>>> print(open('my_file_15.tsv').read())   # TSV, C-alpha atoms
chain	number	residue	atom	x	y	z
A	18	MET	CA	194.92	111.70	201.41
A	19	GLY	CA	193.95	111.93	205.06
A	20	ASP	CA	197.08	113.87	205.99
A	21	ARG	CA	196.56	116.33	203.14
A	22	LYS	CA	192.97	116.93	204.19
A	23	ARG	CA	194.03	117.50	207.80
A	24	VAL	CA	196.63	120.08	206.67
A	25	ASN	CA	194.02	121.92	204.61
A	26	VAL	CA	191.67	122.01	207.59
A	27	GLU	CA	194.38	123.47	209.83
A	28	ARG	CA	195.24	126.07	207.17
A	29	ASP	CA	191.58	127.05	206.90
A	30	ARG	CA	191.36	127.45	210.67
A	31	LEU	CA	194.31	129.83	210.66
A	32	SER	CA	192.92	131.78	207.72
A	33	SER	CA	189.58	132.12	209.49
A	34	LEU	CA	191.15	134.13	212.30
A	35	GLY	CA	190.49	137.85	212.42
A	36	ASP	CA	193.00	140.32	211.02
A	37	ASP	CA	193.90	141.67	214.46
A	38	LEU	CA	194.84	138.23	215.76
A	39	ILE	CA	196.82	137.40	212.62
A	40	HIS	CA	198.63	140.72	212.95
A	41	LYS	CA	199.50	139.83	216.53
A	42	ILE	CA	200.94	136.49	215.41
A	43	LEU	CA	202.93	138.06	212.56
A	44	SER	CA	204.33	140.73	214.90
A	45	LEU	CA	206.39	137.95	216.49
A	46	VAL	CA	208.39	137.42	213.29
A	47	SER	CA	210.33	139.73	210.99
A	48	THR	CA	208.55	141.78	208.34
A	49	LYS	CA	210.33	139.71	205.69
A	50	HIS	CA	208.66	136.55	206.97
A	51	ALA	CA	205.33	138.34	207.32
A	52	VAL	CA	205.48	139.46	203.68
A	53	GLU	CA	206.32	135.90	202.62
A	54	THR	CA	202.95	134.71	203.94
A	55	SER	CA	201.26	136.60	201.09
A	56	VAL	CA	201.84	133.56	198.81
A	57	LEU	CA	199.74	131.27	200.99
A	58	SER	CA	196.37	132.30	199.57
A	59	SER	CA	194.32	135.29	198.49
A	60	ARG	CA	193.28	135.70	202.16
A	61	TRP	CA	196.91	136.31	203.12
A	62	ARG	CA	197.98	138.35	200.12
A	63	TYR	CA	197.52	141.78	201.70
A	64	ILE	CA	197.47	140.96	205.41
A	65	TRP	CA	200.98	142.32	205.95
A	66	THR	CA	200.13	145.69	204.40
A	67	SER	CA	197.90	146.63	207.34
A	68	MET	CA	200.24	145.58	210.15
A	69	SER	CA	201.22	148.23	212.70
A	70	TYR	CA	204.55	146.52	213.46
A	71	LEU	CA	207.68	146.72	211.32
A	72	SER	CA	210.78	144.60	211.94
A	73	LEU	CA	213.51	145.19	209.36
A	74	SER	CA	216.94	143.55	209.48
A	75	SER	CA	219.73	143.74	206.92
A	76	ASN	CA	220.87	140.36	208.19
A	77	ASP	CA	217.85	138.73	206.49
A	78	PHE	CA	219.33	139.49	203.06
A	79	CYS	CA	222.46	138.35	201.28
A	80	THR	CA	223.28	141.85	199.98
A	81	LEU	CA	222.49	145.42	201.01
A	82	LEU	CA	220.92	146.00	197.60
A	83	LYS	CA	218.37	143.27	198.30
A	84	PHE	CA	217.67	144.87	201.67
A	85	TYR	CA	217.17	148.30	200.08
A	86	GLU	CA	214.79	146.85	197.50
A	87	PHE	CA	212.78	145.06	200.18
A	88	VAL	CA	212.46	148.21	202.32
A	89	THR	CA	211.26	150.13	199.27
A	90	HIS	CA	208.70	147.39	198.54
A	91	VAL	CA	207.39	147.40	202.12
A	92	LEU	CA	207.11	151.17	202.53
A	93	SER	CA	205.46	151.65	199.13
A	94	GLY	CA	203.13	148.66	199.44
A	95	ARG	CA	201.96	149.23	202.99
A	96	ASN	CA	198.51	150.74	203.70
A	97	ASN	CA	199.30	154.38	204.48
A	98	GLN	CA	196.05	154.77	206.42
A	99	ILE	CA	197.36	152.47	209.15
A	100	GLU	CA	199.56	154.01	211.83
A	101	VAL	CA	202.83	152.37	212.84
A	102	PHE	CA	202.95	151.46	216.51
A	103	SER	CA	206.38	149.79	216.70
A	104	VAL	CA	209.52	149.68	214.53
A	105	GLU	CA	212.53	147.44	215.09
A	106	LEU	CA	215.61	148.09	212.95
A	107	THR	CA	218.72	145.91	212.89
A	108	PHE	CA	221.72	146.86	210.76
A	109	HIS	CA	224.66	144.47	210.62
A	110	SER	CA	226.57	146.58	208.11
A	111	LYS	CA	226.82	150.22	207.19
A	112	VAL	CA	223.62	151.56	205.63
A	113	SER	CA	223.16	154.77	203.73
A	114	LYS	CA	221.91	157.81	205.58
A	115	ALA	CA	219.24	158.23	202.89
A	116	LEU	CA	217.77	154.78	203.57
A	117	PHE	CA	217.81	155.26	207.32
A	118	LYS	CA	216.18	158.67	206.93
A	119	ARG	CA	213.50	157.22	204.67
A	120	ILE	CA	212.57	154.56	207.22
A	121	LEU	CA	212.48	157.04	210.10
A	122	ASP	CA	210.52	159.64	208.12
A	123	TYR	CA	207.93	157.00	207.30
A	124	ALA	CA	207.71	155.79	210.90
A	125	PHE	CA	207.49	159.29	212.36
A	126	SER	CA	204.89	160.40	209.79
A	127	HIS	CA	202.77	157.42	210.88
A	128	ASN	CA	203.00	158.31	214.58
A	129	VAL	CA	205.31	155.52	215.72
A	130	GLN	CA	205.39	155.08	219.50
A	131	GLN	CA	208.14	152.52	219.98
A	132	LEU	CA	211.50	152.35	218.17
A	133	ASN	CA	214.34	149.88	218.73
A	134	VAL	CA	217.54	150.30	216.75
A	135	THR	CA	220.44	147.83	216.76
A	136	TYR	CA	223.44	149.01	214.78
A	137	PHE	CA	226.57	146.95	214.14
A	138	PRO	CA	228.33	148.68	211.24
A	139	GLY	CA	231.56	146.72	211.63
A	140	LYS	CA	233.68	149.86	211.86
A	141	LYS	CA	233.59	153.29	213.43
A	142	THR	CA	230.63	155.18	212.00
A	143	LYS	CA	228.73	158.25	213.03
A	144	PHE	CA	225.18	157.15	213.70
A	145	PRO	CA	222.69	159.68	212.27
A	146	VAL	CA	220.68	160.18	215.44
A	147	SER	CA	220.25	163.83	214.47
A	148	LEU	CA	217.47	162.52	212.23
A	149	PHE	CA	215.35	161.75	215.29
A	150	SER	CA	212.50	164.23	215.44
A	151	SER	CA	209.13	162.87	216.50
A	152	GLN	CA	206.11	164.18	218.32
A	153	SER	CA	204.73	160.68	218.98
A	154	LEU	CA	207.71	158.49	219.97
A	155	LYS	CA	207.39	157.28	223.57
A	156	HIS	CA	209.92	154.45	223.85
A	157	LEU	CA	213.38	154.41	222.29
A	158	ALA	CA	216.19	151.85	222.59
A	159	LEU	CA	219.58	152.20	220.90
A	160	ILE	CA	222.06	149.31	220.85
A	161	GLY	CA	225.44	149.46	219.20
A	162	CYS	CA	228.90	147.97	219.13
A	163	ILE	CA	231.56	149.21	221.56
A	164	TYR	CA	232.25	152.88	220.79
A	165	GLY	CA	231.01	152.19	217.29
A	166	HIS	CA	228.83	155.22	216.73
A	167	PHE	CA	227.86	158.51	218.23
A	168	ILE	CA	224.77	160.13	219.65
A	169	THR	CA	224.65	163.86	219.12
A	170	THR	CA	223.12	166.42	221.43
A	171	PRO	CA	220.07	168.70	221.24
A	172	PRO	CA	218.64	170.79	219.63
A	173	THR	CA	218.65	168.21	216.82
A	174	TRP	CA	217.24	165.49	219.09
A	175	GLU	CA	213.58	166.53	219.43
A	176	LEU	CA	211.52	163.89	221.24
A	177	PRO	CA	209.01	165.74	223.45
A	178	ALA	CA	206.75	162.67	224.01
A	179	LEU	CA	209.57	160.29	224.93
A	180	VAL	CA	208.95	158.43	228.21
A	181	THR	CA	211.54	155.62	228.20
A	182	LEU	CA	215.08	155.78	226.82
A	183	SER	CA	217.54	152.87	226.87
A	184	LEU	CA	221.12	153.32	225.63
A	185	TYR	CA	223.56	150.44	225.28
A	186	ARG	CA	227.10	150.72	223.89
A	187	VAL	CA	226.80	154.17	222.37
A	188	THR	CA	228.89	157.29	222.73
A	189	LEU	CA	227.22	160.32	224.29
A	190	TYR	CA	228.43	163.88	223.93
A	191	ASP	CA	227.74	166.62	226.43
A	192	ASP	CA	229.59	169.79	225.51
A	193	TYR	CA	227.33	172.22	227.30
A	194	THR	CA	228.86	174.73	229.65
A	195	ASN	CA	225.40	175.73	230.84
A	196	LYS	CA	224.43	173.36	233.66
A	197	CYS	CA	220.76	174.01	232.99
A	198	ALA	CA	221.05	172.31	229.62
A	199	SER	CA	221.88	168.69	228.98
A	200	LEU	CA	221.62	165.98	226.37
A	201	PHE	CA	218.04	165.20	227.42
A	202	SER	CA	216.72	168.75	227.73
A	203	ASN	CA	214.40	168.35	224.75
A	204	CYS	CA	212.84	165.16	226.12
A	205	ALA	CA	210.44	166.93	228.46
A	206	ASN	CA	208.32	163.88	229.35
A	207	MET	CA	211.09	161.36	229.90
A	208	LYS	CA	210.56	159.28	233.05
A	209	ASN	CA	212.90	156.29	232.67
A	210	LEU	CA	216.53	156.36	231.56
A	211	THR	CA	218.97	153.45	231.32
A	212	ILE	CA	222.63	153.94	230.37
A	213	LYS	CA	224.69	150.78	229.97
A	214	ARG	CA	228.28	150.43	228.75
A	215	CYS	CA	228.21	153.88	227.21
A	216	ARG	CA	231.20	156.10	226.63
A	217	MET	CA	230.37	159.58	227.85
A	218	MET	CA	232.34	162.46	226.36
A	219	ALA	CA	232.27	165.53	228.59
A	220	PRO	CA	235.18	167.67	229.82
A	221	ASN	CA	233.83	168.33	233.32
A	222	GLY	CA	231.68	165.29	233.90
A	223	PHE	CA	228.53	164.20	232.13
A	224	ASN	CA	225.41	166.16	233.10
A	225	ILE	CA	221.99	164.62	233.52
A	226	SER	CA	219.63	167.41	234.43
A	227	HIS	CA	215.95	166.65	234.06
A	228	PRO	CA	212.95	167.94	236.05
A	229	GLY	CA	210.68	164.93	235.50
A	230	LEU	CA	212.94	161.87	235.49
A	231	THR	CA	211.77	159.28	238.05
A	232	SER	CA	213.90	156.21	237.33
A	233	LEU	CA	217.61	156.17	236.45
A	234	THR	CA	219.93	153.21	235.87
A	235	PHE	CA	223.68	153.14	235.30
A	236	LYS	CA	225.46	149.88	234.36
A	237	ASP	CA	229.04	149.06	233.41
A	238	GLY	CA	230.60	152.46	232.89
A	239	CYS	CA	233.43	154.72	234.00
A	240	LYS	CA	232.64	158.41	233.87
A	241	ARG	CA	231.93	161.19	236.34
A	242	VAL	CA	228.19	161.87	236.27
A	243	ASN	CA	226.43	164.95	237.63
A	244	VAL	CA	222.77	164.16	238.30
A	245	ASP	CA	220.20	166.86	239.02
A	246	THR	CA	216.79	165.20	239.10
A	247	PRO	CA	214.32	166.64	241.63
A	248	GLN	CA	211.66	163.98	240.88
A	249	LEU	CA	213.97	160.95	240.89
A	250	LYS	CA	212.59	158.07	242.98
A	251	ASN	CA	214.54	155.02	241.83
A	252	LEU	CA	218.30	154.93	241.29
A	253	THR	CA	220.31	151.86	240.30
A	254	ILE	CA	224.08	151.88	239.93
A	255	LYS	CA	225.76	148.61	238.99
A	256	ASP	CA	229.44	148.26	238.16
A	257	TRP	CA	229.80	151.93	237.30
A	258	ARG	CA	233.36	153.12	237.77
A	259	GLY	CA	233.24	156.83	238.44
A	260	ILE	CA	231.97	159.61	240.65
A	261	HIS	CA	228.22	160.11	240.75
A	262	LEU	CA	227.26	163.61	241.85
A	263	MET	CA	223.64	163.23	242.90
A	264	SER	CA	220.90	165.65	243.78
A	265	ALA	CA	217.65	163.75	244.27
A	266	PRO	CA	215.69	165.03	247.28
A	267	ILE	CA	212.76	162.56	247.08
A	268	LEU	CA	214.74	159.43	246.25
A	269	SER	CA	212.95	156.39	247.70
A	270	SER	CA	214.92	153.45	246.30
A	271	LEU	CA	218.70	153.11	245.96
A	272	HIS	CA	220.49	150.04	244.63
A	273	TYR	CA	224.27	150.24	244.45
A	274	LYS	CA	226.80	147.56	243.47
A	275	ASP	CA	230.44	148.42	242.99
A	276	PRO	CA	232.71	146.76	240.40
A	277	TYR	CA	234.19	143.55	241.80
A	278	PHE	CA	237.60	143.76	240.15
A	279	ILE	CA	238.82	147.25	240.74
A	280	HIS	CA	242.03	148.97	241.75
A	281	ARG	CA	241.43	151.60	244.36
A	282	ASN	CA	244.12	153.93	242.98
A	283	ASP	CA	242.71	153.92	239.45
A	284	ILE	CA	239.15	155.15	240.00
A	285	GLU	CA	236.97	157.19	242.26
A	286	THR	CA	233.83	155.59	243.56
A	287	PHE	CA	230.27	156.50	244.19
A	288	PHE	CA	230.97	156.93	247.89
A	289	ASP	CA	233.80	159.40	247.30
A	290	ASP	CA	231.21	161.78	245.94
A	291	VAL	CA	228.65	161.02	248.62
A	292	LEU	CA	230.97	162.06	251.42
A	293	VAL	CA	233.15	164.69	249.81
A	294	ASP	CA	230.85	166.89	247.77
A	295	ASN	CA	228.61	168.70	250.25
A	296	GLY	CA	225.21	169.78	248.97
A	297	LEU	CA	225.02	167.12	246.25
A	298	LEU	CA	223.99	164.08	248.24
A	299	GLN	CA	223.66	164.34	252.00
A	300	LEU	CA	221.71	161.38	253.25
A	301	SER	CA	220.90	162.95	256.61
A	302	THR	CA	219.20	166.00	255.12
A	303	HIS	CA	218.41	165.49	251.45
A	304	LEU	CA	217.30	161.87	251.26
A	305	LEU	CA	214.59	161.77	253.89
A	306	HIS	CA	212.23	159.64	251.79
A	307	LEU	CA	214.40	156.57	251.39
A	308	GLU	CA	212.36	153.40	251.82
A	309	LYS	CA	214.55	150.70	250.32
A	310	VAL	CA	218.35	150.56	250.01
A	311	GLU	CA	220.47	147.69	248.71
A	312	ILE	CA	224.25	148.06	248.84
A	313	CYS	CA	226.78	145.52	247.65
A	314	ILE	CA	230.46	146.43	248.12
A	315	HIS	CA	233.45	144.17	247.63
A	316	HIS	CA	235.84	145.78	250.09
A	317	LEU	CA	239.62	145.61	249.93
A	318	TYR	CA	241.14	145.43	253.40
A	319	GLY	CA	243.88	147.85	254.29
A	320	ASP	CA	242.13	150.91	252.86
A	321	LYS	CA	241.14	152.65	256.09
A	322	ALA	CA	239.87	155.79	254.36
A	323	TYR	CA	237.51	153.78	252.19
A	324	THR	CA	236.32	151.79	255.20
A	325	HIS	CA	235.58	155.01	257.03
A	326	LYS	CA	233.51	156.30	254.12
A	327	ILE	CA	231.44	153.12	254.01
A	328	VAL	CA	230.70	153.34	257.73
A	329	CYS	CA	229.81	157.03	257.50
A	330	LEU	CA	227.44	156.28	254.65
A	331	LEU	CA	225.68	153.58	256.64
A	332	GLN	CA	225.35	155.91	259.61
A	333	LYS	CA	223.45	158.35	257.38
A	334	LEU	CA	220.87	155.74	256.40
A	335	HIS	CA	219.03	156.00	259.71
A	336	SER	CA	215.68	156.90	258.11
A	337	VAL	CA	215.56	154.06	255.58
A	338	LYS	CA	212.83	151.45	256.14
A	339	SER	CA	214.53	148.49	254.45
A	340	LEU	CA	218.30	148.06	254.25
A	341	THR	CA	220.07	145.14	252.55
A	342	LEU	CA	223.85	144.72	252.84
A	343	ASN	CA	226.21	142.08	251.52
A	344	TRP	CA	228.54	140.11	253.80
A	345	GLU	CA	231.59	142.16	252.80
A	346	ILE	CA	230.01	145.27	254.31
A	347	ILE	CA	229.26	143.41	257.51
A	348	LYS	CA	232.93	142.49	257.74
A	349	VAL	CA	233.89	146.11	257.04
A	350	CYS	CA	231.67	147.31	259.89
A	351	ARG	CA	233.07	144.67	262.24
A	352	TYR	CA	236.62	145.62	261.30
A	353	TRP	CA	235.89	149.33	261.78
A	354	PHE	CA	234.19	149.02	265.16
A	355	LEU	CA	236.88	146.68	266.47
A	356	THR	CA	239.51	149.19	265.37
A	357	LEU	CA	237.57	152.05	266.91
A	358	SER	CA	237.11	150.13	270.17
A	359	PHE	CA	240.82	149.27	270.34
A	360	THR	CA	241.82	152.88	269.66
A	361	SER	CA	239.46	154.25	272.32
A	362	ASN	CA	240.67	151.74	274.90
A	363	LYS	CA	244.30	152.54	274.09
A	364	ASP	CA	243.66	156.26	274.52
A	365	PHE	CA	242.00	155.56	277.88
A	366	GLN	CA	244.97	153.54	279.11
A	367	HIS	CA	247.36	156.31	278.08
A	368	LYS	CA	245.37	158.88	279.99
A	369	LYS	CA	245.13	156.63	283.01
A	370	LEU	CA	248.91	156.12	283.08
A	371	GLY	CA	249.57	159.79	282.44
A	372	LEU	CA	251.37	159.09	279.18
>>> encode(input="my_file_15.tsv", output="structure tokens")
Amino acid sequence: MGDRKRVNVERDRLSSLGDDLIHKILSLVSTKHAVETSVLSSRWRYIWTSMSYLSLSSNDFCTLLKFYEFVTHVLSGRNNQIEVFSVELTFHSKVSKALFKRILDYAFSHNVQQLNVTYFPGKKTKFPVSLFSSQSLKHLALIGCIYGHFITTPPTWELPALVTLSLYRVTLYDDYTNKCASLFSNCANMKNLTIKRCRMMAPNGFNISHPGLTSLTFKDGCKRVNVDTPQLKNLTIKDWRGIHLMSAPILSSLHYKDPYFIHRNDIETFFDDVLVDNGLLQLSTHLLHLEKVEICIHHLYGDKAYTHKIVCLLQKLHSVKSLTLNWEIIKVCRYWFLTLSFTSNKDFQHKKLGL
């Protein structure tokens, strides 16, 4: 009897909490679990209907039909006077475009600000991103299986309020011949962009041209990228196998790490672009605001041309306030200066002997 009484007391304490605090607690679990709390008591019966967070996953149901029925129940039973702040969608199998559109239409009509979509259809499927059209969405994250679905280009992608965009394992298309236009042209307020393990389809290199972008991150990719971002301040490139054509005059922070296992004849690196393409990234003239630079390069000995490019890059970092290099670069510099010293001394001896 004592244990039962103690349980009832604890339940009453939880029920006595305000709606806002209960909503915060329920936002940590899926919407399915939140709806299940309605059987606890009359106090909990309608709590879920006024939540501003939605977390829907097809993996919570044994069949897609059950998932469709649950989504219908949630969207029809929810209090329409309450705006939706955040939506998290997880699809572990192919869902109908009509269902996806219904969820997005509801979220966008209720001024959603944050949207995370994880999509694992199990086979190659075109992801209906063309449905994205929101005046309120500020943060968007798309996660998919390797080359499993596609992200189309503007003008269908209308997200004028978007501030942060994170793309992981999606395929991006950039078919524009006009360099002034790019995939993100209709995201006027975007400040932060992360592209990780994405396949980028573009005949002449992928273009990222944005007047207001301040932070840009590339991870685990292999595509030529042309970057024109006059307001860019932070650039991170990790394990990206390709040329990065950069124009960022006020860049203040640069973090570069090259792929560890890489064959020099198979790819072109970040530094090939830095030193070959004049006018795109010239550290001595265009990057005068650099404050912090971190460079990690796993050098392969015997490639004198590559060594020379590394040294030339370092020589152009004279205005940076903080410079961090890995031990491999130190060995490259030592190797280069020893070679240079030996060559100069040899030339001197030849002149002295009249050879």
>>> atom_distance(input="my_file_15.tsv", atom1="CA of Lys155 in chain A", atom2="CA of Asn133 in chain A")
11.2 Å
>>> atom_distance(input="my_file_15.tsv", atom1="CA of Leu73 in chain A", atom2="CA of Val180 in chain A")
23.5 Å
>>> closest_residue(input="my_file_15.tsv", among="A:Leu176, A:Leu233, A:Cys239, A:Val129", to="Leu71 in chain A", atoms="only C-alpha atoms")
A:Val129
>>> axis_aligned_box(input="my_file_15.tsv", around="range 91-106 of chain A", padding_each_side="6 Å", output="lines of an AutoDock Vina configuration file")
center_x = 205.8
center_y = 151.1
center_z = 207.9
size_x = 31.6
size_y = 19.4
size_z = 29.6
>>> atom_distance(input="my_file_15.tsv", atom1="CA of His40 in chain A", atom2="CA of Tyr70 in chain A")
8.3 Å
>>> residues_around(input="my_file_15.tsv", residues="His50 in chain A", least_positions_apart="6", cutoff="10 Å", atoms="all atoms listed in the file", output="JSON, numbers by chain")
{"A": [43, 44, 65, 72, 77]}
>>> residues_around(input="my_file_15.tsv", residues="Trp61 in chain A", least_positions_apart="4", cutoff="12 Å", atoms="all atoms listed in the file", output="number ranges by chain")
A: 28-29, 31-36, 39-40, 43, 51-57, 65-67
>>> residues_around(input="my_file_15.tsv", residues="Pro247 in chain A", least_positions_apart="6", cutoff="9 Å", atoms="all atoms listed in the file", output="number ranges by chain")
A: 226-231, 264-268
>>> residues_near_point(input="my_file_15.tsv", point="(222.5, 156.5, 256.1)", cutoff="10 Å", atoms="all atoms listed in the file", output="PyMOL selection string")
chain A and resi 299-301+304-305+307+310+327-337+340
>>> closest_residue(input="my_file_15.tsv", among="A:Val242, A:Met207, A:Val349, A:Leu252", to="Lys309 in chain A", atoms="all atoms listed in the file")
A:Leu252
